[in-house]
Structure formats: C-alpha cells, structure tokens
Amino acid sequence: MSYVSIRDLRKSYGDVQTLHGLNLGFEEGEFVVIVGPSGCGKSTLLRMIAGLEDITSGEIGIGGQVVNDVEPANRGCAMVFQNYALYPHMTVAGNIGYPLKLARVPRAEREQRVREAAEILGLTDYLDRRPKQLSGGQRQRVAMGRAIVRQPRLFLFDEPLSNLDAKMRVQMRIEIRRLHRRLSATSVLVTHDQVEAMTMADRLVVMNGGRIEQIGSPSEVYARPASAFVAGFLGAPAMNLLPATVDREGILRADMCPDRMLAGDLKLPSGTELTLGVRPEDFTVAPAGRGGLPAQVDLIEDLGGMRVAHCQLPGGYASAVLPRESAVREGTHVSLIPDVARLHAFDRVSGQRLAEVAVAGADAGRAESDARSEAFAPA
Ligand SMILES: Nc1ncnc2c1ncn2[C@@H]1O[C@H](COP(=O)(O)OP(=O)(O)OP(=O)(O)O)[C@@H](O)[C@H]1O
Ligand SMILES: [Mg+2]
C-alpha cells in the first residue's frame, strides 16, 4: 500500500469544481513532482494533503491511516510554501526552531534539532543572523529548516523555488534532491516549471484542469506522452503538434501540405484524423525540396547548447533543432523531415495518445536517410 493514498478526491468552491476525482499513490521515500499549468489545482491538492483545505469528497490516507479528519499538526507532514514568510524579528535559529517552540519541545532538545537542521542545510554560520541579512537562497533554506526540524515523514513543497533567480533555482533544485537523499522522507513538490519537474522527479504527475493527465517517470512521460496536452507541456522547445491525416492508401500527410508524404506503412487505419507530434530534435533540417515539410526559417534562437530554427510552414509554424555547424540562416528555405520512428499520434478530438504510429517507414524512411546524408554543408 502506498504511503500516501488518495481516492476519488474532489474539491469544489461553491458551484465550481476544481478537482475532479483524483486517484493517486505516493510510495514511501519517493520524490514526486506534480506539474501543470497555473490554476490546474496543484496547490489545492497539496493543501488538502496537508489538511489546510477541506475535502469536498473522497479520501486521503497517510501511512495507512485515513486522515480526512486529522488535524494538520498530527498528519506527520511539513509544508514549504512559495512565500516562505520568515519572522523578520527572529534570528535564523529562532525561525527554524519556532515550530518546536509551538509544540513545547524542551529548550535543550530544540537547540539540538535546530543545530542538526542548520548543519544539513549549511546554515550553521548564519544562525544568529536575521532574515534581511540573508540571500534569497539562504532564506529559502531557513524555510526548509523550519520544515526539517519537525522530522516529518512527508514533505510537501509548493513552488518553493519560484521566488529565486535562475541560477539560485538550479542550485536549490540540486540541494533539495540532496536533502531528499539524506532524509529519505516521502516528498511531493508542486511546480509549473517543466524543467524543474523533469529534473527533480522520481515520478511525475501531470495535471490539467483539475484532472490527472499522466503519471510516470520523467523519461517515460517524455518518450510516450499520454495526451497532446502532456506532449506540448513537457519539453523545451515544445513538441510540434500538427493536424495530419492517414489517407486512403495508408500514407500519413500533414493537412497543411497534403502533397507531401510523411510516412507510409503505418499502424493507424486509413482515414484517421490525428494530431501529429514531432519533437524539434526529431526533425532533420534538409535543403528545400527533399520531401518532408516545406518551410522557411523565420527566426533562429541560439540557446548556447543548441540552436532552434522557428520555421514558417504553408499553414503554420514548426520548430526544429539545428546541428551546431549547420549553415542554415534566417530566411533559408528548407525541408523539415521527421524521424519516422519518433512520431507521436494523438486523437484529434480527445487528445489521447493513439497506438504507435509507425512501422519504420518505407518511402519516407528512404527520403529521410537520403536527406540526412545530403544535409547542409558546414558554414
Ligand atoms: N479559495 C478559493 N475560492 C475559490 N476558488 C479557488 C480558491 N482557491 C483556489 N481556487 C480556484 O481553484 C483553482 C485551482 O487553484 P490552485 O491554487 O490549486 O491552482 P495551482 O495549480 O496551484 O495554480 P498556480 O500554479 O497558479 O499556483 C483555480 O481556478 C482557483 O481560481
Ligand atoms: Mg499554486
């Protein structure tokens, strides 16, 4: 049985239903990240687990006990918020030890536990400082210290990094993972940042509009997104999603340029109207006229580690990753040739993933390998 188990959990504010019957389990010691766009119900879910928000219906169990009617303080969990409001007039030690003071833990034990938490978080030298004398990252660590001293078996983090600058976020991401390895308490972190989600999670829960879209390891979810929503949400640059149809001969064609064949030998029946997903790294950018999708490079973004070509297609846009040495320039006419083995297909209406698209493609596959060998010469 899972350490945290959630059964048919619903939440309504007045007439508006926010969570639509969630079923979820968190295993003991795992690091789960709940990710989804703003307003999808992540904080509401976390606050319900912590006991800070009433449950409309359903059941939450922690450590084998139903906690629906258990006070927050007795649920064995500690929550770290985005706005970690420290008490400005208290020292770091005072802030970290405050929950223990509230719980009337004797002074000597309190001091001991504060020292241990400070040691774990690298705050030993700052115990006498006040919050305003700390950097953003140090303040965030104090907020985590306040959670650690309670020795919870379940950590709940609600966007704990979103107030930090980009560099500090990366650093704290790693620190939180280290902390988890050291304490091995079950941890649930909520974020709308997909990079944070991909890098931190043992297991990802992707939410959308108060429902769960997919649960899986980051690599599973990335490789086989269960819906067009997940496909478009995870991955930067985002997956290209294009309307496409399998014609009467069983050939896959993008609706915006039906004269070009993208793949043959499909596992999908003729007539299937779908949303085709192609990750930008799964497009080969070949000279114009080589099959695939005709496109003109509109803008090239240099992200340091990679360059992304944003291209204008006959009826839309698509992006593709360029090899570093590529001679492609803004304005160049190109062909975008998808890797047939890495196509994703989603039902046009429901957005749900369809069976695998391709049997490694006959003609399209050949066109692709020709194009790869004829790719642009180095600049
Ligand atoms: N007290 C409330 N009264 C009415 N509606 C609420 C209340 N709290 C939240 N909601 C609504 O419930 C939905 C989910 O809110 P929630 O705060 O859980 O979203 P979230 O996924 O955490 O978003 P964000 O990423 O912006 O923090 C939103 O549409 C929000 O407007
Ligand atoms: Mg929130």
# chains A, B, ... in the order shown; residues from 1 in each chain; ligands from 1
call {"tool": "closest_atom_pairs", "arguments": {"of": "chain A", "to": "ligand 2", "cutoff": "10 Å", "atoms": "only C-alpha atoms and all ligand atoms", "output": "JSON lines"}}
result
{"residue": "A:Gly36", "atom": "CA", "partner": "ligand 2", "partner_atom_place_in_ligand_line": "1 (Mg)", "distance": 9.6}
{"residue": "A:Pro37", "atom": "CA", "partner": "ligand 2", "partner_atom_place_in_ligand_line": "1 (Mg)", "distance": 9.3}
{"residue": "A:Ser38", "atom": "CA", "partner": "ligand 2", "partner_atom_place_in_ligand_line": "1 (Mg)", "distance": 6.8}
{"residue": "A:Gly39", "atom": "CA", "partner": "ligand 2", "partner_atom_place_in_ligand_line": "1 (Mg)", "distance": 6.9}
{"residue": "A:Cys40", "atom": "CA", "partner": "ligand 2", "partner_atom_place_in_ligand_line": "1 (Mg)", "distance": 8.3}
{"residue": "A:Gly41", "atom": "CA", "partner": "ligand 2", "partner_atom_place_in_ligand_line": "1 (Mg)", "distance": 7.0}
{"residue": "A:Lys42", "atom": "CA", "partner": "ligand 2", "partner_atom_place_in_ligand_line": "1 (Mg)", "distance": 5.6}
{"residue": "A:Ser43", "atom": "CA", "partner": "ligand 2", "partner_atom_place_in_ligand_line": "1 (Mg)", "distance": 4.1}
{"residue": "A:Thr44", "atom": "CA", "partner": "ligand 2", "partner_atom_place_in_ligand_line": "1 (Mg)", "distance": 7.2}
{"residue": "A:Leu45", "atom": "CA", "partner": "ligand 2", "partner_atom_place_in_ligand_line": "1 (Mg)", "distance": 9.3}
{"residue": "A:Leu46", "atom": "CA", "partner": "ligand 2", "partner_atom_place_in_ligand_line": "1 (Mg)", "distance": 8.8}
{"residue": "A:Arg47", "atom": "CA", "partner": "ligand 2", "partner_atom_place_in_ligand_line": "1 (Mg)", "distance": 9.6}
{"residue": "A:Phe81", "atom": "CA", "partner": "ligand 2", "partner_atom_place_in_ligand_line": "1 (Mg)", "distance": 9.4}
{"residue": "A:Gln82", "atom": "CA", "partner": "ligand 2", "partner_atom_place_in_ligand_line": "1 (Mg)", "distance": 8.6}
{"residue": "A:Asp158", "atom": "CA", "partner": "ligand 2", "partner_atom_place_in_ligand_line": "1 (Mg)", "distance": 6.7}
{"residue": "A:Glu159", "atom": "CA", "partner": "ligand 2", "partner_atom_place_in_ligand_line": "1 (Mg)", "distance": 7.1}
{"residue": "A:Val190", "atom": "CA", "partner": "ligand 2", "partner_atom_place_in_ligand_line": "1 (Mg)", "distance": 7.5}
{"residue": "A:Thr191", "atom": "CA", "partner": "ligand 2", "partner_atom_place_in_ligand_line": "1 (Mg)", "distance": 7.6}
{"residue": "A:His192", "atom": "CA", "partner": "ligand 2", "partner_atom_place_in_ligand_line": "1 (Mg)", "distance": 8.3}
call {"tool": "select_by_dssp", "arguments": {"residues": "segment 112-314 of chain A", "states": "alpha helix (DSSP H)", "output": "JSON, numbers by chain"}}
result
{"A": [112, 113, 114, 115, 116, 117, 118, 119, 120, 121, 136, 137, 138, 139, 140, 141, 142, 143, 144, 145, 146, 147, 148, 166, 167, 168, 169, 170, 171, 172, 173, 174, 175, 176, 177, 178, 179, 180, 181, 182, 183, 194, 195, 196, 197, 198, 199, 200, 218, 219, 220, 221, 222, 223, 228, 229, 230, 231, 232, 233]}
call {"tool": "select_by_dssp", "arguments": {"residues": "segment 235-299 of chain A", "states": "strand (DSSP E)", "output": "MDAnalysis selection string"}}
result
chainID A and resid 240:246 252:254 273:278 283:287 293:299
call {"tool": "residues_around", "arguments": {"residues": "Ser335 of chain A", "least_positions_apart": "2", "cutoff": "9 Å", "atoms": "only C-alpha atoms", "output": "JSON, numbers by chain"}}
result
{"A": [284, 285, 286, 287, 288, 289, 290, 291, 292, 293, 294, 295, 296, 333, 337, 371]}
call {"tool": "closest_residue", "arguments": {"among": "A:Gly216, A:Gly304, A:Pro160, A:Gly315", "to": "Met198 of chain A", "atoms": "only C-alpha atoms"}}
result
A:Gly216
call {"tool": "closest_residue", "arguments": {"among": "A:Val35, A:Ile120, A:Ala231, A:Leu9", "to": "ligand 1", "atoms": "only C-alpha atoms and all ligand atoms"}}
result
A:Val35
call {"tool": "residues_around", "arguments": {"residues": "Gln352 of chain A", "least_positions_apart": "2", "cutoff": "8 Å", "atoms": "only C-alpha atoms", "output": "PyMOL selection string"}}
result
chain A and resi 226-228+346-347+350+354
call {"tool": "write_last_selection", "arguments": {"atoms": "C-alpha atoms", "output": "mmCIF file, in the first residue's frame"}}
result
data_model
loop_
_atom_site.group_PDB
_atom_site.id
_atom_site.type_symbol
_atom_site.label_atom_id
_atom_site.label_comp_id
_atom_site.auth_asym_id
_atom_site.auth_seq_id
_atom_site.Cartn_x
_atom_site.Cartn_y
_atom_site.Cartn_z
ATOM 1 C CA ALA A 226 -0.349 10.081 -22.909
ATOM 2 C CA SER A 227 -2.042 13.096 -24.457
ATOM 3 C CA ALA A 228 -1.409 16.038 -26.736
ATOM 4 C CA PHE A 346 -2.996 11.844 -30.725
ATOM 5 C CA ASP A 347 -6.727 11.665 -31.311
ATOM 6 C CA SER A 350 -9.950 13.804 -27.326
ATOM 7 C CA LEU A 354 -3.175 6.675 -30.272
#
call {"tool": "residues_around", "arguments": {"residues": "segment 161-177 of chain A", "least_positions_apart": "5", "cutoff": "12 Å", "atoms": "only C-alpha atoms", "output": "count of residues only"}}
result
47
call {"tool": "residues_around", "arguments": {"residues": "Tyr3 of chain A", "least_positions_apart": "5", "cutoff": "7 Å", "atoms": "only C-alpha atoms", "output": "list of chain:residue names"}}
result
A:Phe26, A:Glu27, A:Glu28, A:Ile62, A:Gly63, A:Gly64
call {"tool": "closest_residue", "arguments": {"among": "A:Ser2, A:Asn208, A:Asn240, A:Asn95", "to": "ligand 1", "atoms": "only C-alpha atoms and all ligand atoms"}}
result
A:Asn208
call {"tool": "closest_residue", "arguments": {"among": "A:Leu343, A:Ala93, A:Ile212, A:Leu102", "to": "ligand 1", "atoms": "only C-alpha atoms and all ligand atoms"}}
result
A:Ile212
call {"tool": "residues_around", "arguments": {"residues": "Glu111 of chain A", "least_positions_apart": "5", "cutoff": "9 Å", "atoms": "only C-alpha atoms", "output": "list in words"}}
result
Ala93, Gly97, Pro106 and Glu116 of chain A
call {"tool": "closest_residue", "arguments": {"among": "A:Met207, A:Ala341, A:Leu123, A:Arg110", "to": "Leu262 of chain A", "atoms": "only C-alpha atoms"}}
result
A:Ala341
call {"tool": "closest_residue", "arguments": {"among": "A:Val92, A:Leu268, A:Leu179, A:Val206", "to": "ligand 1", "atoms": "only C-alpha atoms and all ligand atoms"}}
result
A:Val206
